[in-house]
Amino acid sequence: MEIASKYDPSEVEDKWYQYWLDNKLFHSVPDEREPYTIVIPPPNVTGVLHMGHMLNNTIQDILIRRARMSGKNACWVPGTDHASIATEAKVVAKLASEGIQKKDLTREQFLEHAWEWTHKHGGIILEQLKKLGASCDWDRTCFTMDEKRSESVLKVFVDLYNKGLIYRGVRMVNWDPKAKTALSDEEVNYKEQQGKLYYLKYKISDSEGAFAVIATTRPETILGDTAVCINPNDPKNAHLKGKKVIVPLADREVPIIEDDYVDIEFGTGCLKVTPAHDVNDYMLGEKYNLEILDIFNDDGTLNQYGLQYAGMDRFDVRKQIEKDLEEAGLLEKVEDYTNKVGFSERTDVPIEPKLSMQWFLKMEELAKPALKAVMEDDIMLYPSKFKNTYRHWMENIKDWCISRQLWWGHRIPAYYLPQGGFVVAETGEKALALAREKSGNPDLQISDLRQDEDCLDTWFSSWLWPISVFDGINRPDNPDINYYYPTDDLVTAPEILFFWVARMIIAGYEYRHDRCFKNVYLTGIVRDKLGRKMSKSLGNSPDPLELISKYGADGVRMGMLLTSAAGNDLPFDENLCEQGRNFNNKIWNAFRLVKGWNVDASIQQPESSGVAVKWFDATLAKTIEELNDLFIKYRLSEALMLVYKLFWDEFSSRYLEMIKPGYRLPIDKKTYDATLGFFDSLLKLLHPFMPFITEELWQALEERKPGESIMIGQLPKIMSYDKDLLSKFDTIKEIIGGIRTIRLQKNIPNKEALTLQVIGEYDNAFDPVILKMCNLSSIDKVSEKSPGAASFLAGTTEYAVPLGNNINVEEELEKLDKELVYLQGFLKSVTAKLGNEKFVANAKPEIVENERKKQADAESKIKLVKESIATLKK
RNA sequence: GAGCUGUUAGCUCAGUUGGUUUAGAGCAUUACCUUGACAGGGUAGGGGUCAUCGGUUCGAGUCCGAUACAGCUCACCA
């Protein structure tokens, strides 16, 4: 049969993916088997696949495929997230490019545009995942804003409200003036900024010509000042006690208050207090009952309290006010200053601390079982270093601001009554009934009620994900949720440990009284060669689909996984995909070799092949055991490397070379059948990592029935194996290596047969293998080697290859001298250890025994080397 | 600023309760090989005073302390 010498993934991948789909091999329904469940971290519905998704989903696919091949009923639930801020921002931008302003649209009109956008772009990312080979149960695809998920969200909101855990309140929130919404603390990134520190002069009310000097980075906020604060223990500002000062430009008189919050050392020790625009000032404001002056509009421009600056943007005002203060002689000096400014994670504009009415969820009690679960290892984090981080956050958890001033999302199910007050209910009808009861007015109509304008934070829907994808909120006793929950593994990025993972754990205990998953595998961040995070704005991220078309999905999957220990960042390098592709080609060519042989049932199995089969059988068994252990520990990179070496070094370089028949000669049936069996096992072990090529070759390995697939085959089981055989074979590997080294050094072609002399203890059971692998004509046990032989040691046995007159005595002596020096140095260290009475007295007996053995070994080796040197010098 | 991780070959990482020859792997690199599965290949090499200093111990990459550097998390001085 004719097989191309290079593997071409493009011909193979789509074909088998379609085959898997056609045969419904990804689909899972509850049955009597043990379930194994993963819910996908839902990507943004209008998002595009990036390298982080590639890594994340490759890992999930490996886990789910391996579980499926281990006899479990594996279910991987895919889906997308409505991503309220990100999606709304995209829709707003798209409308703006068409000359439409959001403010000119009604809520309904805007949502129509948003849904249109979602339908157009939504799901692209899921199609891209298919290219990667993701074996998701597509029949179960969910969306955080589809009907069932929306119903779940509202139901949970109402429930938490009725439990008294959701409340409404005026709080200082992080305001995003671009998205015009509040953000949770987790959505704010602090960045170092090069700014200025302005020293402003506040005139003291009753003392002519006297000033209090105040340092600030935000001079535009003086218009909202309602006090100046000093530390009561600050001698240099003691003269200000009880005085009043005039806010520059605003010409308002404000009191001087005293609080030890103020840092005496910073600036002048005088702090301007702007309760509406700074979290700490707000606390001071509450404490001293100060007036609150909000000077900003929602978009970051100044309002009427901004006086002459009303209507201007906050940053323009900063520049202008600097000039105006300068002119008024109220600016003492300006210094360069570096400080940290909070930026919106979504829109990347500086956030503005702002007072506003928001909805909050009380977290303290909810967090307790979630903290306990992780600390007591009911839920395992991989790597476990994140336990500390998790604990720190959970122990200091603050109430969660769950409202967002957006339209794209789940609208808060709170309804305001005409006469004030509100009711909370899943639907308008239920709200109306409650409202009639509350108001005592049976004639109240639904049109009299006004629903809250805000939406819920996106995470308020995704925190229910492991439950809601099985409809476990709406129907808490349905067969799916009972079977698939708790899920097994969650694979996600550490960046969203608090946003998402922690909150899912909380929701799991609140709504199922059980953990939502057993293990959390935290991937690293994919970085470029310079160590920068891959991002769209930097343009340093390769296009995953291009990579797939260049290296094949299997090649890219392997490239992603080769250097990604859990929790470690992944320094991505295309070379790794190349390595993956090369490995594909290696597998392909091994297959080509095996399938190219002619089988002759009449010939006997050569002795060397019999030995090889036994040896590889044991090697395979040992590797399966090790592999299992690595998977239990979630050491996937190492697991891949282990199978890689098994296939490349042990199977291709050793086993196949051992059993390979001579050119154009047939192979015996016994060996051939064993080899096909090995190939079958190897493909199965490789399948979770490289699904496509393994399916292609498995299908070609033997005649298959329609619908059969490697992906539902069972992995080879762990079996006992001959450890003694493997350790003996390690010596054989050494001998083969030694002879090859001699060939290389003496420049002896492989075609030229050699003989091998053995001096010392030796088991000849493997002679046929050595003879074949090294092209030897004989192996002879001798008591003294031939003069002019090159020799080496393996264990304490000496092996010599007679070379006639070919030997270079000088070179040989030099080599032996080097070895002698090493051995003597080694012996010295061992002897010193054994000469130490304390060591002999204190160390465990087996350790001392081992040292003695090392000593004896070294001594006999030294003796052999010395003899060789003496022989050469004759 | 506080806390938590980490620092092992050019690169990415293993190294399990301290002892298994004087520390391993993959990639990269070097030399040689090339009609017969695979040059996207084969064979064999080279490459590390385990960040630094000190301590515990018969014995430290491994345990303890300090320092330096890096990363992460939290908090934040206007």
# chains A, B, ... in the order shown; residues from 1 in each chain; ligands from 1
$ residues_around --residues "C11 (chain B)" --least-positions-apart "4" --cutoff "10 Å" --atoms "only C-alpha atoms (C1' of nucleotides)" --output "JSON list (two decimals) with all heavy atoms, in the first residue's frame"
[["chain", "number", "residue", "atom", "x", "y", "z"],
["A", 571, "PRO", "N", 5.16, 30.53, 28.01],
["A", 571, "PRO", "CA", 5.88, 31.37, 27.05],
["A", 571, "PRO", "C", 5.74, 30.74, 25.68],
["A", 571, "PRO", "O", 6.46, 29.81, 25.35],
["A", 571, "PRO", "CB", 7.32, 31.31, 27.55],
["A", 571, "PRO", "CG", 7.38, 30.20, 28.53],
["A", 571, "PRO", "CD", 6.03, 29.61, 28.71],
["B", 27, "C", "P", 13.89, 16.71, 21.77],
["B", 27, "C", "OP1", 13.35, 16.11, 20.54],
["B", 27, "C", "OP2", 15.22, 16.31, 22.27],
["B", 27, "C", "O5'", 13.91, 18.31, 21.62],
["B", 27, "C", "C5'", 12.78, 18.99, 21.07],
["B", 27, "C", "C4'", 12.94, 20.49, 21.28],
["B", 27, "C", "O4'", 13.12, 20.75, 22.70],
["B", 27, "C", "C3'", 14.17, 21.11, 20.64],
["B", 27, "C", "O3'", 13.96, 21.37, 19.26],
["B", 27, "C", "C2'", 14.30, 22.39, 21.45],
["B", 27, "C", "O2'", 13.35, 23.36, 21.05],
["B", 27, "C", "C1'", 13.95, 21.90, 22.85],
["B", 27, "C", "N1", 15.17, 21.52, 23.60],
["B", 27, "C", "C2", 15.94, 22.55, 24.16],
["B", 27, "C", "O2", 15.56, 23.72, 24.02],
["B", 27, "C", "N3", 17.07, 22.25, 24.84],
["B", 27, "C", "C4", 17.44, 20.98, 24.97],
["B", 27, "C", "N4", 18.56, 20.73, 25.65],
["B", 27, "C", "C5", 16.68, 19.91, 24.41],
["B", 27, "C", "C6", 15.56, 20.22, 23.73],
["B", 28, "A", "P", 15.17, 21.20, 18.25],
["B", 28, "A", "OP1", 14.65, 21.54, 16.92],
["B", 28, "A", "OP2", 15.84, 19.91, 18.47],
["B", 28, "A", "O5'", 16.16, 22.37, 18.73],
["B", 28, "A", "C5'", 15.85, 23.74, 18.47],
["B", 28, "A", "C4'", 16.87, 24.62, 19.13],
["B", 28, "A", "O4'", 16.87, 24.37, 20.57],
["B", 28, "A", "C3'", 18.32, 24.38, 18.72],
["B", 28, "A", "O3'", 18.65, 25.08, 17.53],
["B", 28, "A", "C2'", 19.06, 24.95, 19.92],
["B", 28, "A", "O2'", 19.09, 26.36, 19.92],
["B", 28, "A", "C1'", 18.19, 24.45, 21.08],
["B", 28, "A", "N9", 18.62, 23.12, 21.53],
["B", 28, "A", "C8", 18.05, 21.90, 21.24],
["B", 28, "A", "N7", 18.66, 20.89, 21.79],
["B", 28, "A", "C5", 19.71, 21.47, 22.49],
["B", 28, "A", "C6", 20.74, 20.94, 23.28],
["B", 28, "A", "N6", 20.88, 19.63, 23.52],
["B", 28, "A", "N1", 21.63, 21.79, 23.83],
["B", 28, "A", "C2", 21.49, 23.10, 23.59],
["B", 28, "A", "N3", 20.56, 23.74, 22.85],
["B", 28, "A", "C4", 19.69, 22.85, 22.34]]
$ closest_atom_pairs --of "chain A" --to "chain B" --cutoff "8 Å" --atoms "only C-alpha atoms (C1' of nucleotides)" --output "tab-separated table"
residue	atom	partner	partner_atom	distance
A:Ser5	CA	B:C38	C1'	7.4
A:Ala215	CA	B:A78	C1'	6.9
A:Thr216	CA	B:A78	C1'	5.6
A:Thr217	CA	B:A78	C1'	7.1
A:Asp263	CA	B:C77	C1'	7.0
A:Phe266	CA	B:C77	C1'	6.4
A:Leu271	CA	B:A78	C1'	6.1
A:Lys272	CA	B:A78	C1'	7.4
A:Lys385	CA	B:U5	C1'	6.9
A:Asn388	CA	B:C4	C1'	6.6
A:Thr389	CA	B:U73	C1'	5.9
A:His392	CA	B:C74	C1'	7.8
A:Trp393	CA	B:C74	C1'	7.7
A:Thr563	CA	B:U12	C1'	5.9
A:Pro571	CA	B:U12	C1'	7.9
A:Arg581	CA	B:G40	C1'	7.6
A:Asn582	CA	B:G40	C1'	5.0
A:Asn585	CA	B:G40	C1'	7.1
A:Lys586	CA	B:C38	C1'	6.0
A:Asn589	CA	B:A37	C1'	5.0
A:Ala590	CA	B:A37	C1'	5.7
A:Phe591	CA	B:A37	C1'	7.7
A:Arg592	CA	B:A37	C1'	5.7
A:Leu593	CA	B:A37	C1'	4.2
A:Val594	CA	B:A37	C1'	7.9
A:Met641	CA	B:G26	C1'	7.5
A:Tyr663	CA	B:G36	C1'	5.8
A:Arg664	CA	B:G36	C1'	7.9
A:Arg740	CA	B:U43	C1'	7.0
A:Thr741	CA	B:A44	C1'	5.7
A:Leu744	CA	B:C32	C1'	6.8
A:Phe826	CA	B:U22	C1'	6.5
A:Asn836	CA	B:C58	C1'	6.8
A:Glu837	CA	B:C58	C1'	7.5
A:Lys838	CA	B:C58	C1'	4.6
A:Phe839	CA	B:C58	C1'	3.8
A:Val840	CA	B:C58	C1'	7.5
A:Ala841	CA	B:C58	C1'	7.9
A:Asn842	CA	B:C58	C1'	6.5
A:Ala843	CA	B:C58	C1'	7.2
A:Ile847	CA	B:G19	C1'	6.3
A:Asn850	CA	B:U20	C1'	7.7
A:Lys854	CA	B:U21	C1'	6.2
$ select_by_dssp --residues "region 560-808 of chain A" --states "strand (DSSP E or B)" --output "number ranges by chain"
A: 570-571, 599-600, 667-668, 754-759, 776-781, 789-794, 797-802
$ write_last_selection --atoms "C-alpha atoms" --output "PDB file, in the first residue's frame"
ATOM      1  CA  LEU A 570       3.131  29.718  29.042  1.00  0.00           C
ATOM      2  CA  PRO A 571       5.881  31.367  27.055  1.00  0.00           C
ATOM      3  CA  VAL A 599       3.563 -10.865   6.796  1.00  0.00           C
ATOM      4  CA  ASP A 600       4.653 -14.444   6.264  1.00  0.00           C
ATOM      5  CA  ILE A 667       7.991 -10.295   9.015  1.00  0.00           C
ATOM      6  CA  ASP A 668       6.720 -13.221  11.068  1.00  0.00           C
ATOM      7  CA  LEU A 754      32.263  -6.265  14.652  1.00  0.00           C
ATOM      8  CA  THR A 755      32.760  -8.677  17.508  1.00  0.00           C
ATOM      9  CA  LEU A 756      32.230  -7.991  21.183  1.00  0.00           C
ATOM     10  CA  GLN A 757      34.259  -9.387  24.053  1.00  0.00           C
ATOM     11  CA  VAL A 758      32.837  -9.524  27.557  1.00  0.00           C
ATOM     12  CA  ILE A 759      34.958  -9.632  30.660  1.00  0.00           C
ATOM     13  CA  LEU A 776      27.962  -7.857  15.586  1.00  0.00           C
ATOM     14  CA  SER A 777      29.104 -11.203  14.309  1.00  0.00           C
ATOM     15  CA  SER A 778      29.611 -12.641  17.772  1.00  0.00           C
ATOM     16  CA  ILE A 779      29.640 -11.940  21.489  1.00  0.00           C
ATOM     17  CA  ASP A 780      32.338 -13.843  23.331  1.00  0.00           C
ATOM     18  CA  LYS A 781      33.003 -14.216  27.016  1.00  0.00           C
ATOM     19  CA  ALA A 789      40.540  -3.313  21.527  1.00  0.00           C
ATOM     20  CA  ALA A 790      38.436  -0.290  22.462  1.00  0.00           C
ATOM     21  CA  SER A 791      36.582  -0.922  25.675  1.00  0.00           C
ATOM     22  CA  PHE A 792      33.993   0.533  27.967  1.00  0.00           C
ATOM     23  CA  LEU A 793      32.325  -0.282  31.251  1.00  0.00           C
ATOM     24  CA  ALA A 794      28.678  -0.971  31.927  1.00  0.00           C
ATOM     25  CA  THR A 797      31.551  -5.534  33.509  1.00  0.00           C
ATOM     26  CA  GLU A 798      33.976  -4.568  30.790  1.00  0.00           C
ATOM     27  CA  TYR A 799      33.079  -4.757  27.122  1.00  0.00           C
ATOM     28  CA  ALA A 800      35.692  -4.675  24.389  1.00  0.00           C
ATOM     29  CA  VAL A 801      35.546  -4.350  20.637  1.00  0.00           C
ATOM     30  CA  PRO A 802      38.702  -5.716  18.962  1.00  0.00           C
TER      31      PRO A 802
END
$ residues_around --residues "Asp457 (chain A)" --least-positions-apart "4" --cutoff "10 Å" --atoms "only C-alpha atoms (C1' of nucleotides)" --output "list in words"
Ala83, Ser84, Ile85, Ala182, Leu183, Ser184, Trp400, Cys401, Ile402, Ser403, Arg404, Gln405, Leu406, Gly409, His410, Arg411, Ile412, Ser461 and Ser462 of chain A
$ write_last_selection --atoms "C-alpha atoms" --output "short mmCIF file (atom, residue, chain, number, x, y, z; two decimals), in the first residue's frame"
data_model
loop_
_atom_site.label_atom_id
_atom_site.label_comp_id
_atom_site.auth_asym_id
_atom_site.auth_seq_id
_atom_site.Cartn_x
_atom_site.Cartn_y
_atom_site.Cartn_z
CA ALA A 83 -20.60 39.65 28.70
CA SER A 84 -22.73 42.69 29.33
CA ILE A 85 -20.19 45.50 29.38
CA ALA A 182 -20.65 51.08 38.13
CA LEU A 183 -17.99 48.39 38.30
CA SER A 184 -17.14 45.91 41.01
CA TRP A 400 -20.76 42.51 45.92
CA CYS A 401 -22.09 45.39 43.87
CA ILE A 402 -24.33 43.50 41.46
CA SER A 403 -26.04 46.29 39.54
CA ARG A 404 -24.74 47.72 36.30
CA GLN A 405 -26.10 50.74 34.47
CA LEU A 406 -26.43 48.86 31.22
CA GLY A 409 -28.05 41.85 30.54
CA HIS A 410 -30.59 40.53 32.99
CA ARG A 411 -32.75 43.43 34.07
CA ILE A 412 -33.08 43.72 37.80
CA SER A 461 -25.38 34.78 35.86
CA SER A 462 -22.12 32.93 35.34
#
$ select_by_dssp --residues "region 281-471 of chain A" --states "alpha helix (DSSP H)" --output "PyMOL selection string"
chain A and resi 281-288+314-327+364-375+386-395+428-439+459-462+465-468
$ residues_around --residues "G47 (chain B)" --least-positions-apart "2" --cutoff "10 Å" --atoms "only C-alpha atoms (C1' of nucleotides)" --output "ChimeraX atom specification"
/B:9-10,29
$ atom_distance --atom1 "CA of His121 (chain A)" --atom2 "CA of Leu95 (chain A)"
15.1 Å
$ residues_around --residues "C69 (chain B)" --least-positions-apart "3" --cutoff "12 Å" --atoms "only C-alpha atoms (C1' of nucleotides)" --output "tab-separated table (two decimals) with all heavy atoms, in the first residue's frame"
chain	number	residue	atom	x	y	z
B	6	G	P	7.29	27.95	46.39
B	6	G	OP1	7.05	26.51	46.21
B	6	G	OP2	7.69	28.48	47.71
B	6	G	O5'	8.36	28.45	45.30
B	6	G	C5'	8.23	28.02	43.97
B	6	G	C4'	8.76	29.06	43.02
B	6	G	O4'	8.38	30.39	43.46
B	6	G	C3'	10.28	29.17	42.92
B	6	G	O3'	10.78	28.15	42.10
B	6	G	C2'	10.45	30.55	42.31
B	6	G	O2'	10.19	30.52	40.93
B	6	G	C1'	9.34	31.33	43.00
B	6	G	N9	9.81	32.15	44.12
B	6	G	C8	9.49	32.01	45.45
B	6	G	N7	10.04	32.93	46.21
B	6	G	C5	10.78	33.70	45.32
B	6	G	C6	11.59	34.85	45.55
B	6	G	O6	11.82	35.42	46.62
B	6	G	N1	12.17	35.32	44.37
B	6	G	C2	11.97	34.76	43.13
B	6	G	N2	12.60	35.34	42.10
B	6	G	N3	11.21	33.71	42.89
B	6	G	C4	10.65	33.24	44.03
B	7	U	P	12.25	27.58	42.44
B	7	U	OP1	12.34	26.34	41.65
B	7	U	OP2	12.50	27.59	43.89
B	7	U	O5'	13.20	28.68	41.77
B	7	U	C5'	13.13	28.95	40.35
B	7	U	C4'	14.08	30.10	40.05
B	7	U	O4'	13.76	31.16	40.97
B	7	U	C3'	15.54	29.73	40.25
B	7	U	O3'	16.33	30.13	39.14
B	7	U	C2'	15.97	30.48	41.51
B	7	U	O2'	17.27	31.05	41.34
B	7	U	C1'	14.96	31.63	41.57
B	7	U	N1	14.67	32.05	42.95
B	7	U	C2	15.25	33.25	43.37
B	7	U	O2	15.97	33.92	42.64
B	7	U	N3	14.96	33.61	44.66
B	7	U	C4	14.16	32.93	45.55
B	7	U	O4	13.99	33.39	46.66
B	7	U	C5	13.61	31.70	45.04
B	7	U	C6	13.88	31.32	43.79
B	51	A	P	19.55	28.10	43.30
B	51	A	OP1	19.72	27.74	44.70
B	51	A	OP2	18.22	28.21	42.67
B	51	A	O5'	20.33	29.48	43.07
B	51	A	C5'	20.80	29.85	41.79
B	51	A	C4'	21.27	31.28	41.89
B	51	A	O4'	20.10	32.13	42.03
B	51	A	C3'	22.12	31.56	43.12
B	51	A	O3'	23.49	31.27	42.88
B	51	A	C2'	21.85	33.05	43.34
B	51	A	O2'	22.62	33.84	42.45
B	51	A	C1'	20.37	33.15	42.96
B	51	A	N9	19.49	32.99	44.11
B	51	A	C8	18.56	31.99	44.32
B	51	A	N7	17.90	32.09	45.44
B	51	A	C5	18.40	33.25	46.01
B	51	A	C6	18.11	33.90	47.22
B	51	A	N6	17.19	33.48	48.08
B	51	A	N1	18.80	35.03	47.49
B	51	A	C2	19.72	35.46	46.63
B	51	A	N3	20.09	34.92	45.45
B	51	A	C4	19.38	33.81	45.21
B	52	U	P	24.36	30.62	44.10
B	52	U	OP1	25.64	30.19	43.51
B	52	U	OP2	23.53	29.67	44.86
B	52	U	O5'	24.62	31.89	45.03
B	52	U	C5'	25.38	33.01	44.55
B	52	U	C4'	25.40	34.08	45.61
B	52	U	O4'	24.04	34.56	45.81
B	52	U	C3'	25.81	33.60	46.99
B	52	U	O3'	27.22	33.56	47.12
B	52	U	C2'	25.19	34.66	47.89
B	52	U	O2'	25.93	35.85	47.89
B	52	U	C1'	23.85	34.89	47.18
B	52	U	N1	22.76	34.06	47.72
B	52	U	C2	22.18	34.46	48.92
B	52	U	O2	22.55	35.45	49.52
B	52	U	N3	21.17	33.66	49.37
B	52	U	C4	20.68	32.51	48.76
B	52	U	O4	19.75	31.89	49.29
B	52	U	C5	21.34	32.15	47.54
B	52	U	C6	22.34	32.92	47.07
$ atom_distance --atom1 "CA of Pro691 (chain A)" --atom2 "CA of Asp61 (chain A)"
9.4 Å
$ residues_around --residues "region 608-621 of chain A" --least-positions-apart "2" --cutoff "9 Å" --atoms "only C-alpha atoms (C1' of nucleotides)" --output "MDAnalysis selection string"
chainID A and resid 605:606 623:626 646 650:651 654:656 658:660 670:671 674:675 678 681:682 716:723 725:726 729 765:772
$ decode --residues "region 33-46 of chain B" --atoms "N, CA, C and O atoms (P, O5', C5', C4', C3', O3' and C1' of nucleotides)" --output "JSON list (two decimals), in the first residue's frame"
[["chain", "number", "residue", "atom", "x", "y", "z"],
["B", 33, "C", "P", 30.38, 11.79, 7.82],
["B", 33, "C", "O5'", 29.08, 10.90, 8.07],
["B", 33, "C", "C5'", 29.19, 9.49, 8.19],
["B", 33, "C", "C4'", 27.85, 8.89, 8.50],
["B", 33, "C", "C3'", 26.82, 8.96, 7.39],
["B", 33, "C", "O3'", 27.01, 7.92, 6.45],
["B", 33, "C", "C1'", 25.82, 9.53, 9.45],
["B", 34, "U", "P", 26.95, 8.26, 4.91],
["B", 34, "U", "O5'", 25.40, 8.31, 4.59],
["B", 34, "U", "C5'", 24.47, 7.40, 5.16],
["B", 34, "U", "C4'", 23.08, 7.90, 4.85],
["B", 34, "U", "C3'", 22.78, 7.93, 3.35],
["B", 34, "U", "O3'", 21.77, 6.97, 3.11],
["B", 34, "U", "C1'", 22.32, 10.05, 4.39],
["B", 35, "U", "P", 22.09, 5.85, 2.43],
["B", 35, "U", "O5'", 20.56, 5.59, 2.68],
["B", 35, "U", "C5'", 19.68, 4.88, 1.89],
["B", 35, "U", "C4'", 19.03, 5.69, 0.78],
["B", 35, "U", "C3'", 18.04, 4.81, 0.04],
["B", 35, "U", "O3'", 16.89, 5.54, -0.26],
["B", 35, "U", "C1'", 19.81, 5.51, -1.44],
["B", 36, "G", "P", 15.56, 5.08, 0.24],
["B", 36, "G", "O5'", 15.85, 4.05, 1.44],
["B", 36, "G", "C5'", 15.09, 4.08, 2.61],
["B", 36, "G", "C4'", 14.48, 2.73, 2.91],
["B", 36, "G", "C3'", 15.06, 2.08, 4.17],
["B", 36, "G", "O3'", 14.06, 1.21, 4.67],
["B", 36, "G", "C1'", 15.63, 0.80, 2.26],
["B", 37, "A", "P", 13.41, 1.61, 5.92],
["B", 37, "A", "O5'", 12.52, 2.93, 5.65],
["B", 37, "A", "C5'", 11.29, 2.80, 4.95],
["B", 37, "A", "C4'", 10.29, 3.79, 5.49],
["B", 37, "A", "C3'", 10.87, 5.17, 5.82],
["B", 37, "A", "O3'", 10.83, 5.99, 4.67],
["B", 37, "A", "C1'", 9.59, 4.38, 7.67],
["B", 38, "C", "P", 11.99, 7.02, 4.36],
["B", 38, "C", "O5'", 11.80, 8.16, 5.44],
["B", 38, "C", "C5'", 10.73, 9.08, 5.31],
["B", 38, "C", "C4'", 10.56, 9.83, 6.60],
["B", 38, "C", "C3'", 11.77, 10.62, 7.07],
["B", 38, "C", "O3'", 11.85, 11.88, 6.45],
["B", 38, "C", "C1'", 10.83, 9.42, 8.88],
["B", 39, "A", "P", 13.12, 12.30, 5.61],
["B", 39, "A", "O5'", 13.90, 13.52, 6.26],
["B", 39, "A", "C5'", 13.40, 14.34, 7.34],
["B", 39, "A", "C4'", 14.45, 15.43, 7.51],
["B", 39, "A", "C3'", 14.72, 16.25, 6.24],
["B", 39, "A", "O3'", 14.70, 17.63, 6.51],
["B", 39, "A", "C1'", 16.74, 15.34, 7.10],
["B", 40, "G", "P", 13.68, 18.52, 6.79],
["B", 40, "G", "O5'", 12.99, 18.15, 8.18],
["B", 40, "G", "C5'", 13.37, 18.76, 9.46],
["B", 40, "G", "C4'", 12.45, 18.17, 10.50],
["B", 40, "G", "C3'", 12.43, 16.64, 10.40],
["B", 40, "G", "O3'", 12.88, 15.92, 11.52],
["B", 40, "G", "C1'", 10.26, 17.57, 9.93],
["B", 41, "G", "P", 13.24, 15.78, 12.70],
["B", 41, "G", "O5'", 13.59, 14.23, 12.88],
["B", 41, "G", "C5'", 12.72, 13.23, 12.37],
["B", 41, "G", "C4'", 13.53, 12.12, 11.72],
["B", 41, "G", "C3'", 14.71, 11.59, 12.50],
["B", 41, "G", "O3'", 14.30, 10.75, 13.55],
["B", 41, "G", "C1'", 15.36, 11.88, 10.28],
["B", 42, "G", "P", 15.15, 10.69, 14.88],
["B", 42, "G", "O5'", 16.40, 9.82, 14.41],
["B", 42, "G", "C5'", 16.21, 8.46, 14.03],
["B", 42, "G", "C4'", 17.54, 7.86, 13.71],
["B", 42, "G", "C3'", 18.57, 7.95, 14.82],
["B", 42, "G", "O3'", 18.40, 6.91, 15.75],
["B", 42, "G", "C1'", 19.55, 8.65, 12.80],
["B", 43, "U", "P", 18.69, 7.21, 17.28],
["B", 43, "U", "O5'", 20.27, 7.18, 17.30],
["B", 43, "U", "C5'", 20.97, 5.99, 17.00],
["B", 43, "U", "C4'", 22.44, 6.27, 17.01],
["B", 43, "U", "C3'", 22.96, 6.99, 18.25],
["B", 43, "U", "O3'", 23.14, 6.11, 19.34],
["B", 43, "U", "C1'", 23.85, 8.02, 16.34],
["B", 44, "A", "P", 23.00, 6.64, 20.80],
["B", 44, "A", "O5'", 24.31, 7.54, 20.95],
["B", 44, "A", "C5'", 25.58, 6.90, 20.99],
["B", 44, "A", "C4'", 26.66, 7.94, 20.85],
["B", 44, "A", "C3'", 26.73, 8.94, 21.99],
["B", 44, "A", "O3'", 27.41, 8.39, 23.09],
["B", 44, "A", "C1'", 26.91, 10.06, 19.92],
["B", 45, "G", "P", 27.42, 9.12, 24.49],
["B", 45, "G", "O5'", 28.33, 10.36, 24.13],
["B", 45, "G", "C5'", 28.14, 11.58, 24.78],
["B", 45, "G", "C4'", 29.05, 12.58, 24.10],
["B", 45, "G", "C3'", 29.13, 13.90, 24.83],
["B", 45, "G", "O3'", 30.17, 13.85, 25.77],
["B", 45, "G", "C1'", 28.59, 14.29, 22.56],
["B", 46, "G", "P", 29.95, 14.47, 27.20],
["B", 46, "G", "O5'", 30.02, 16.03, 26.90],
["B", 46, "G", "C5'", 31.23, 16.61, 26.41],
["B", 46, "G", "C4'", 30.97, 18.04, 26.00],
["B", 46, "G", "C3'", 30.32, 18.91, 27.07],
["B", 46, "G", "O3'", 31.30, 19.45, 27.94],
["B", 46, "G", "C1'", 29.17, 19.18, 25.04]]
